[in-house]
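Peer 1: What follows is the file run.pdb, containing PDB, C-alpha atoms and all ligand atoms:
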```
ATOM      1  CA  MET S   1      19.240  11.977  -7.363
ATOM      2  CA  THR S   2      17.645   8.731  -6.265
ATOM      3  CA  ASN S   3      18.664   5.146  -6.864
ATOM      4  CA  LYS S   4      16.247   3.705  -9.405
ATOM      5  CA  GLY S   5      13.210   2.249  -7.773
ATOM      6  CA  THR S   6      14.008   3.349  -4.254
ATOM      7  CA  GLY S   7      13.353   6.409  -2.187
ATOM      8  CA  VAL S   8      16.823   6.506  -0.727
ATOM      9  CA  ALA S   9      19.015   9.210  -2.154
ATOM     10  CA  ARG S  10      22.705   8.574  -2.752
ATOM     11  CA  SER S  11      23.472  11.161  -0.111
ATOM     12  CA  GLY S  12      21.788   8.896   2.402
ATOM     13  CA  ILE S  13      18.753  11.121   2.867
ATOM     14  CA  TYR S  14      15.305   9.683   2.332
ATOM     15  CA  ALA S  15      14.382  11.523  -0.849
ATOM     16  CA  CYS S  16      10.654  10.916  -0.630
ATOM     17  CA  ARG S  17      10.286  12.018   2.957
ATOM     18  CA  GLY S  18       8.030  14.878   3.714
ATOM     19  CA  ASP S  19       6.481  14.877   0.253
ATOM     20  CA  ARG S  20       3.300  15.579   2.137
ATOM     21  CA  ARG S  21       2.888  14.738   5.778
ATOM     22  CA  ARG S  22      -0.317  15.275   7.710
ATOM     23  CA  VAL S  23      -0.740  14.697  11.427
ATOM     24  CA  TYR S  24      -4.268  14.078  12.748
ATOM     25  CA  PRO S  25      -5.340  14.345  16.377
ATOM     26  CA  ASP S  26      -6.538  10.741  16.546
ATOM     27  CA  VAL S  27      -7.329   7.605  14.569
ATOM     28  CA  LYS S  28     -10.877   8.749  13.901
ATOM     29  CA  ALA S  29      -9.704  11.920  12.196
ATOM     30  CA  LEU S  30      -7.024  10.023  10.285
ATOM     31  CA  THR S  31      -9.638   7.499   9.149
ATOM     32  CA  SER S  32     -12.036  10.150   7.830
ATOM     33  CA  ALA S  33      -9.259  12.024   6.044
ATOM     34  CA  ALA S  34      -7.950   8.819   4.456
ATOM     35  CA  ALA S  35     -11.415   7.727   3.289
ATOM     36  CA  ARG S  36     -12.007  11.166   1.781
ATOM     37  CA  ALA S  37      -8.592  11.174   0.067
ATOM     38  CA  ILE S  38      -9.193   7.736  -1.447
ATOM     39  CA  VAL S  39     -12.626   8.725  -2.745
ATOM     40  CA  ASP S  40     -11.199  11.930  -4.254
ATOM     41  CA  LEU S  41      -8.461   9.983  -6.024
ATOM     42  CA  ALA S  42     -10.979   7.440  -7.301
ATOM     43  CA  GLU S  43     -13.298  10.146  -8.623
ATOM     44  CA  ARG S  44     -10.452  11.901 -10.401
ATOM     45  CA  ALA S  45      -8.995   8.718 -11.941
ATOM     46  CA  LEU S  46     -12.431   7.575 -13.138
ATOM     47  CA  ARG S  47     -13.162  10.992 -14.609
ATOM     48  CA  GLU S  48      -9.789  11.358 -16.322
ATOM     49  CA  ARG S  49      -8.956   7.795 -17.325
ATOM     50  CA  GLY S  50     -12.146   5.800 -16.883
ATOM     51  CA  ARG S  51     -10.631   3.431 -14.337
ATOM     52  CA  PHE S  52      -9.117   3.427 -10.864
ATOM     53  CA  LEU S  53      -6.349   0.949 -10.064
ATOM     54  CA  TRP S  54      -6.002   0.730  -6.314
ATOM     55  CA  VAL S  55      -3.577  -1.398  -4.287
ATOM     56  CA  LEU S  56      -4.896  -2.161  -0.816
ATOM     57  CA  SER S  57      -2.958  -2.607   2.394
ATOM     58  CA  GLY S  58      -3.452  -5.217   5.071
ATOM     59  CA  GLY S  59      -3.014  -4.428   8.760
ATOM     60  CA  SER S  60      -5.453  -2.917  11.214
ATOM     61  CA  THR S  61      -5.068   0.801  10.408
ATOM     62  CA  PRO S  62      -6.948   0.755   7.086
ATOM     63  CA  GLU S  63      -9.801  -1.397   8.405
ATOM     64  CA  PRO S  64     -11.959   1.500   9.652
ATOM     65  CA  VAL S  65     -11.127   3.319   6.422
ATOM     66  CA  TYR S  66     -12.584   0.473   4.350
ATOM     67  CA  ARG S  67     -15.627   0.454   6.625
ATOM     68  CA  GLU S  68     -16.094   4.208   6.276
ATOM     69  CA  ILE S  69     -15.885   4.084   2.490
ATOM     70  CA  ALA S  70     -18.542   1.332   2.459
ATOM     71  CA  CYS S  71     -20.852   3.188   4.861
ATOM     72  CA  GLN S  72     -20.415   6.790   3.826
ATOM     73  CA  HIS S  73     -18.955   7.061   0.349
ATOM     74  CA  ALA S  74     -20.141   4.013  -1.600
ATOM     75  CA  HIS S  75     -22.314   6.117  -3.914
ATOM     76  CA  ALA S  76     -19.551   8.589  -4.711
ATOM     77  CA  ILE S  77     -17.622   5.994  -6.729
ATOM     78  CA  ASP S  78     -18.551   4.381 -10.024
ATOM     79  CA  TRP S  79     -17.373   0.927  -9.000
ATOM     80  CA  ARG S  80     -17.616  -0.417 -12.555
ATOM     81  CA  GLY S  81     -14.250   1.146 -13.352
ATOM     82  CA  VAL S  82     -12.503   0.096 -10.143
ATOM     83  CA  HIS S  83      -9.739  -2.517 -10.050
ATOM     84  CA  VAL S  84      -8.380  -3.515  -6.670
ATOM     85  CA  PHE S  85      -5.127  -5.307  -5.904
ATOM     86  CA  TRP S  86      -3.302  -6.189  -2.712
ATOM     87  CA  GLY S  87       0.187  -5.118  -1.727
ATOM     88  CA  ASP S  88       0.729  -8.338   0.167
ATOM     89  CA  GLU S  89      -0.881 -11.515   1.382
ATOM     90  CA  ARG S  90      -0.412 -14.473   3.666
ATOM     91  CA  CYS S  91      -0.542 -18.059   2.416
ATOM     92  CA  VAL S  92      -4.001 -18.697   3.783
ATOM     93  CA  ALA S  93      -7.482 -19.203   2.374
ATOM     94  CA  PRO S  94      -9.764 -16.163   1.966
ATOM     95  CA  GLU S  95     -11.907 -17.290   4.909
ATOM     96  CA  ASP S  96      -8.907 -17.204   7.257
ATOM     97  CA  PRO S  97      -8.979 -14.117   9.512
ATOM     98  CA  ARG S  98      -5.363 -13.453   8.501
ATOM     99  CA  SER S  99      -6.321 -13.035   4.831
ATOM    100  CA  ASN S 100      -5.938  -9.422   3.665
ATOM    101  CA  TYR S 101      -8.325 -10.093   0.804
ATOM    102  CA  GLY S 102     -10.891 -11.737   3.096
ATOM    103  CA  ASN S 103     -10.824  -8.797   5.517
ATOM    104  CA  ALA S 104     -11.199  -6.151   2.834
ATOM    105  CA  ARG S 105     -14.009  -8.131   1.266
ATOM    106  CA  LYS S 106     -15.925  -8.293   4.541
ATOM    107  CA  LEU S 107     -15.395  -4.609   5.324
ATOM    108  CA  LEU S 108     -15.804  -3.105   1.869
ATOM    109  CA  PHE S 109     -16.288  -5.238  -1.204
ATOM    110  CA  ASP S 110     -19.275  -7.192   0.101
ATOM    111  CA  HIS S 111     -21.061  -3.846   0.384
ATOM    112  CA  VAL S 112     -20.318  -2.105  -2.918
ATOM    113  CA  PRO S 113     -21.034  -3.081  -6.538
ATOM    114  CA  VAL S 114     -17.450  -3.697  -7.641
ATOM    115  CA  PRO S 115     -17.474  -6.195 -10.532
ATOM    116  CA  LEU S 116     -15.856  -9.557  -9.888
ATOM    117  CA  ALA S 117     -13.415  -8.880 -12.732
ATOM    118  CA  GLY S 118     -12.190  -5.834 -10.821
ATOM    119  CA  ILE S 119     -11.064  -7.821  -7.806
ATOM    120  CA  HIS S 120      -7.512  -9.028  -8.296
ATOM    121  CA  ARG S 121      -6.586 -10.988  -5.227
ATOM    122  CA  ILE S 122      -3.418 -12.894  -4.375
ATOM    123  CA  HIS S 123      -4.257 -16.602  -4.194
ATOM    124  CA  GLY S 124      -2.102 -17.290  -1.152
ATOM    125  CA  GLU S 125      -3.774 -20.648  -0.624
ATOM    126  CA  ASP S 126      -2.200 -21.918  -3.890
ATOM    127  CA  GLY S 127       1.269 -21.899  -2.295
ATOM    128  CA  ALA S 128       3.705 -19.025  -2.020
ATOM    129  CA  GLN S 129       5.777 -19.332  -5.205
ATOM    130  CA  ARG S 130       2.887 -20.146  -7.480
ATOM    131  CA  ALA S 131       0.718 -17.396  -6.040
ATOM    132  CA  ALA S 132       3.522 -14.854  -6.533
ATOM    133  CA  ALA S 133       4.174 -15.872 -10.151
ATOM    134  CA  ASP S 134       0.468 -15.919 -11.018
ATOM    135  CA  TYR S 135      -0.061 -12.528  -9.424
ATOM    136  CA  GLU S 136       2.820 -10.937 -11.281
ATOM    137  CA  ARG S 137       1.309 -12.198 -14.553
ATOM    138  CA  GLU S 138      -2.158 -10.960 -13.610
ATOM    139  CA  ILE S 139      -0.934  -7.489 -12.711
ATOM    140  CA  GLU S 140       1.239  -7.188 -15.794
ATOM    141  CA  SER S 141      -1.760  -8.060 -17.963
ATOM    142  CA  MET S 142      -3.318  -4.783 -16.739
ATOM    143  CA  ARG S 143      -0.364  -2.834 -18.069
ATOM    144  CA  ALA S 144      -1.507  -3.066 -21.695
ATOM    145  CA  ASP S 145      -4.338  -0.656 -20.884
ATOM    146  CA  ALA S 146      -2.045   1.766 -19.065
ATOM    147  CA  ASN S 147      -0.689   2.960 -22.451
ATOM    148  CA  GLY S 148       2.888   2.677 -21.259
ATOM    149  CA  GLY S 149       2.237   5.120 -18.410
ATOM    150  CA  VAL S 150       2.090   4.712 -14.668
ATOM    151  CA  LEU S 151       0.237   1.540 -13.678
ATOM    152  CA  PHE S 152      -1.557   2.198 -10.399
ATOM    153  CA  ASP S 153      -3.542   5.245  -9.304
ATOM    154  CA  LEU S 154      -3.137   4.597  -5.589
ATOM    155  CA  VAL S 155      -0.993   2.339  -3.429
ATOM    156  CA  LEU S 156      -2.181   2.255   0.156
ATOM    157  CA  LEU S 157       0.442   1.141   2.676
ATOM    158  CA  GLY S 158       0.933   0.676   6.395
ATOM    159  CA  LEU S 159       4.098   0.725   8.480
ATOM    160  CA  GLY S 160       5.334  -1.830  11.005
ATOM    161  CA  ALA S 161       7.325  -0.831  14.079
ATOM    162  CA  ASP S 162      10.348  -2.518  12.437
ATOM    163  CA  GLY S 163       9.951  -0.409   9.293
ATOM    164  CA  HIS S 164       8.262  -3.052   7.170
ATOM    165  CA  THR S 165       5.584  -2.141   4.726
ATOM    166  CA  ALA S 166       3.411  -4.581   2.756
ATOM    167  CA  SER S 167       5.392  -7.807   3.392
ATOM    168  CA  LEU S 168       8.746  -6.136   2.820
ATOM    169  CA  PHE S 169      10.432  -6.936   6.111
ATOM    170  CA  PRO S 170      13.960  -5.789   7.004
ATOM    171  CA  GLY S 171      16.558  -8.179   5.612
ATOM    172  CA  LEU S 172      14.370  -9.808   2.954
ATOM    173  CA  HIS S 173      15.620  -9.989  -0.625
ATOM    174  CA  ALA S 174      12.369  -8.464  -1.887
ATOM    175  CA  VAL S 175      13.263  -5.121  -0.306
ATOM    176  CA  HIS S 176      16.061  -4.553  -2.820
ATOM    177  CA  GLU S 177      14.758  -6.632  -5.726
ATOM    178  CA  GLN S 178      15.129  -4.805  -9.010
ATOM    179  CA  SER S 179      13.549  -7.099 -11.572
ATOM    180  CA  ARG S 180      10.806  -9.246 -10.048
ATOM    181  CA  ARG S 181       7.605  -7.393  -9.262
ATOM    182  CA  VAL S 182       6.000  -9.894  -6.898
ATOM    183  CA  MET S 183       7.935 -12.161  -4.543
ATOM    184  CA  ALA S 184       7.270 -14.828  -1.962
ATOM    185  CA  GLU S 185       9.591 -15.039   1.023
ATOM    186  CA  TYR S 186       9.667 -16.738   4.393
ATOM    187  CA  VAL S 187       9.424 -14.201   7.198
ATOM    188  CA  SER S 188      11.053 -15.729  10.269
ATOM    189  CA  ALA S 189       9.670 -13.080  12.622
ATOM    190  CA  GLU S 190       6.168 -14.099  11.565
ATOM    191  CA  GLN S 191       7.057 -17.759  11.002
ATOM    192  CA  MET S 192       5.229 -17.838   7.725
ATOM    193  CA  TRP S 193       5.547 -17.311   4.001
ATOM    194  CA  ARG S 194       4.323 -13.972   2.764
ATOM    195  CA  ILE S 195       3.790 -12.714  -0.749
ATOM    196  CA  SER S 196       4.555  -9.091  -1.510
ATOM    197  CA  LEU S 197       4.708  -6.646  -4.342
ATOM    198  CA  THR S 198       8.294  -5.394  -4.541
ATOM    199  CA  PRO S 199       9.258  -1.703  -4.214
ATOM    200  CA  ARG S 200       9.557  -1.379  -7.971
ATOM    201  CA  LEU S 201       5.892  -2.282  -8.482
ATOM    202  CA  LEU S 202       4.636  -0.488  -5.379
ATOM    203  CA  SER S 203       6.320   2.645  -6.726
ATOM    204  CA  ASP S 204       4.648   2.349 -10.136
ATOM    205  CA  THR S 205       1.838   4.628  -9.045
ATOM    206  CA  ARG S 206       0.579   8.181  -9.164
ATOM    207  CA  GLU S 207       0.067   8.240  -5.431
ATOM    208  CA  VAL S 208       1.280   6.401  -2.325
ATOM    209  CA  LEU S 209      -0.648   6.859   0.873
ATOM    210  CA  PHE S 210       0.930   5.591   4.102
ATOM    211  CA  LEU S 211      -1.514   5.248   7.019
ATOM    212  CA  VAL S 212       0.297   5.101  10.337
ATOM    213  CA  ALA S 213      -1.244   5.207  13.802
ATOM    214  CA  GLY S 214      -0.238   4.486  17.373
ATOM    215  CA  ALA S 215       2.617   5.140  19.787
ATOM    216  CA  SER S 216       4.355   1.894  18.799
ATOM    217  CA  LYS S 217       5.181   3.551  15.439
ATOM    218  CA  ALA S 218       6.636   6.760  16.869
ATOM    219  CA  GLU S 219      10.243   5.537  16.972
ATOM    220  CA  ILE S 220      10.354   4.226  13.413
ATOM    221  CA  VAL S 221       8.527   7.283  12.067
ATOM    222  CA  GLY S 222      11.130   9.454  13.811
ATOM    223  CA  ARG S 223      13.929   7.418  12.198
ATOM    224  CA  ILE S 224      12.384   7.576   8.724
ATOM    225  CA  PHE S 225      12.151  11.347   8.813
ATOM    226  CA  ALA S 226      15.371  12.046  10.680
ATOM    227  CA  PRO S 227      17.798  14.196   8.656
ATOM    228  CA  SER S 228      20.421  11.440   8.724
ATOM    229  CA  SER S 229      17.877   8.811   7.787
ATOM    230  CA  ALA S 230      18.760   5.890   5.519
ATOM    231  CA  THR S 231      22.496   5.923   6.079
ATOM    232  CA  GLY S 232      23.342   2.266   6.414
ATOM    233  CA  GLN S 233      19.845   1.495   7.620
ATOM    234  CA  ASP S 234      17.419  -1.041   6.306
ATOM    235  CA  ILE S 235      14.010   0.541   6.527
ATOM    236  CA  PRO S 236      11.870  -1.098   3.851
ATOM    237  CA  ALA S 237       9.229   1.649   3.847
ATOM    238  CA  GLN S 238      11.863   4.063   2.556
ATOM    239  CA  THR S 239      12.245   2.095  -0.661
ATOM    240  CA  ILE S 240       8.802   3.128  -1.871
ATOM    241  CA  CYS S 241       9.169   6.208  -4.008
ATOM    242  CA  PRO S 242       7.258   6.713  -7.238
ATOM    243  CA  GLU S 243       9.253   8.426  -9.969
ATOM    244  CA  GLN S 244       6.101   9.923 -11.421
ATOM    245  CA  GLY S 245       3.962  10.267  -8.351
ATOM    246  CA  GLN S 246       3.859  11.518  -4.822
ATOM    247  CA  VAL S 247       3.976  10.004  -1.344
ATOM    248  CA  ARG S 248       1.627  11.211   1.362
ATOM    249  CA  TRP S 249       1.915  10.186   4.991
ATOM    250  CA  PHE S 250      -1.206  10.314   7.167
ATOM    251  CA  LEU S 251      -0.154   9.963  10.803
ATOM    252  CA  ASP S 252      -1.995  10.232  14.067
ATOM    253  CA  LYS S 253      -0.516  12.327  16.858
ATOM    254  CA  ALA S 254       0.852   9.308  18.717
ATOM    255  CA  ALA S 255       2.751   8.012  15.674
ATOM    256  CA  ALA S 256       4.089  11.493  14.954
ATOM    257  CA  ALA S 257       5.280  12.075  18.524
ATOM    258  CA  ARG S 258       8.974  12.058  17.597
ATOM    259  CA  LEU S 259       8.715  14.364  14.631
ATOM    260  CA  GLY S 260       9.981  17.872  14.943
ATOM    261  CA  ASN S 261       7.846  20.921  14.338
ATOM    262  CA  GLU S 262       9.352  21.732  10.960
ATOM    263  CA  PRO S 263       6.782  22.732   8.344
ATOM    264  CA  VAL S 264       5.399  19.834   6.300
TER     265      VAL S 264
HETATM  266  C1  LIG S 301      -0.160  -6.737   6.560
HETATM  267  C2  LIG S 301       0.481  -5.508   6.038
HETATM  268  C3  LIG S 301       1.511  -4.844   6.865
HETATM  269  C4  LIG S 301       0.817  -3.770   7.705
HETATM  270  C5  LIG S 301       1.727  -3.263   8.791
HETATM  271  C6  LIG S 301       1.053  -2.228   9.668
HETATM  272  O1  LIG S 301      -0.697  -7.475   5.767
HETATM  273  O2  LIG S 301      -0.137  -6.937   7.774
HETATM  274  O3  LIG S 301       0.302  -5.172   4.783
HETATM  275  O4  LIG S 301       2.555  -4.288   6.144
HETATM  276  O5  LIG S 301       0.389  -2.710   6.896
HETATM  277  O6  LIG S 301       2.135  -4.337   9.591
HETATM  278  O7  LIG S 301      -0.048  -2.827  10.294
HETATM  279  P1  LIG S 301      -1.031  -2.034  11.247
HETATM  280  O8  LIG S 301      -1.862  -1.145  10.382
HETATM  281  O9  LIG S 301      -1.864  -3.123  11.878
HETATM  282  O10 LIG S 301      -0.197  -1.300  12.212
END
```
What is this structure when it is put down as structure tokens?
Ligand code: 6PG
Peer 2:
Amino acid sequence: MTNKGTGVARSGIYACRGDRRRVYPDVKALTSAAARAIVDLAERALRERGRFLWVLSGGSTPEPVYREIACQHAHAIDWRGVHVFWGDERCVAPEDPRSNYGNARKLLFDHVPVPLAGIHRIHGEDGAQRAAADYEREIESMRADANGGVLFDLVLLGLGADGHTASLFPGLHAVHEQSRRVMAEYVSAEQMWRISLTPRLLSDTREVLFLVAGASKAEIVGRIFAPSSATGQDIPAQTICPEQGQVRWFLDKAAAARLGNEPV
């Protein structure tokens, strides 16, 4: 039994762990597999429901994935039914290299015919609190068309070496927030305000795909999947657990170095 809105079971075991875990030999293989998985999910959602609601991740790991979709799979998707959102954002203008929206636009959305109305970005430049409140309203306005069902088709996420995902950093209130769906908080480690979807909203999806690469992630990946995981720990990534969906972890060999050989 899980606590509502989190992936941490009462027993202290990470309930969502190992839903589906794939280890790829390198970043290139991980990138191709992730691009393929995203395209497959988009095709299925468009075929079955006529639209694909996709939450994008910031960070460096998904960047080649966005590039690969633009270069190799653009024609496989009917972009007219695609709606993209962001899991988090910095309080900067879109032209700033730190903007998650700006980066995804350059790598992907400048190259595919996604309608303007399908791009739902966080307006970080409007100020943290206002941007968070506006974004929550914008996302909730999409819910009317979800017929009371699950909102997103895919939430793409990364993992920080400290266990953060989106802008849910250890110790922030947003990690355990139960009512608000989008929150702005000051992240001292980064010395800046960040806006993030909360676990409750990030879990309102049919599919979560974590993309994790590099040796710097090996320790936290090992902790997340350790049998005693979650007991008294504060690992934000573990709070993402869709009640009506699945979590898949795509790891490269370096990030998976501390995992055992148990079947996945
Ligand atoms: C961001 C993120 C953040 C990121 C992780 C992993 O905007 O930076 O959303 O949560 O996904 O820090 O980043 P890497 O992919 O660069 O390791």
Peer 1: Just say which residues the PyMOL selection byres (((not hetatm)) within 10 of (chain S and resi 301)) picks in this file, as an NGL selection string.
Peer 2: :S and (56-63 or 86-90 or 98-101 or 156-169 or 194-196 or 210-214 or 216-217 or 237)
Peer 1: Which residue out of S:Ala174, S:Ala257, S:Leu46, S:Val23 has the minimum interatomic distance to S:Asp153 when only C-alpha atoms are used?
Peer 2: S:Leu46
Peer 1: With only C-alpha atoms counted, which protein, DNA or RNA residues have an atom no more than 12 Å from (11.3, -8.8, -9.3) in the file frame? Please answer as a ChimeraX atom specification.
Peer 2: /S:5,132-133,135-137,173-184,196-202
Peer 1: Take atom CA of S:Pro170 and atom CA of S:Gly222 and report the distance between them in Å, one decimal.
Peer 2: 16.9 Å
Peer 1: As an exercise, work out the distance from atom CA of S:Val27 to atom CA of S:Asn103 in Å and give it to one decimal place.
Peer 2: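 Atom-to-atom, atom CA of S:Val27 and atom CA of S:Asn103 are spaced 19.1 Å apart.
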Peer 1: Could you jot down the atom CA of S:Pro242 to atom CA of S:Ile139 separation for me, Å, one decimal place?
Peer 2: 17.3 Å
Peer 1: Kindly indicate which residue among S:Met192, S:Ala254, S:Ala144, S:Leu41 lies nearest to S:Glu207, using all atoms listed in the file for the distances.
Peer 2: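 Checking each candidate against S:Glu207, we get S:Leu41 as the closest.
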Peer 1: Taking all atoms listed in the file into account, which of S:Asp204, S:Ala104, S:Ala255, S:Ser188 comes nearest S:Val221?
Peer 2: S:Ala255
Peer 1: Quick one: which residues end up in the PyMOL selection byres (((chain S and resi 81) around 12) and not hetatm) for this structure, as a count of residues only?
Peer 2: 27
Peer 1: Which one of S:Gly102, S:Asp234, S:Ala218, S:Val39 sits closest to S:Asp252 if you count only C-alpha atoms?
Peer 2: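 Smallest distance to S:Asp252 is found for S:Ala218.
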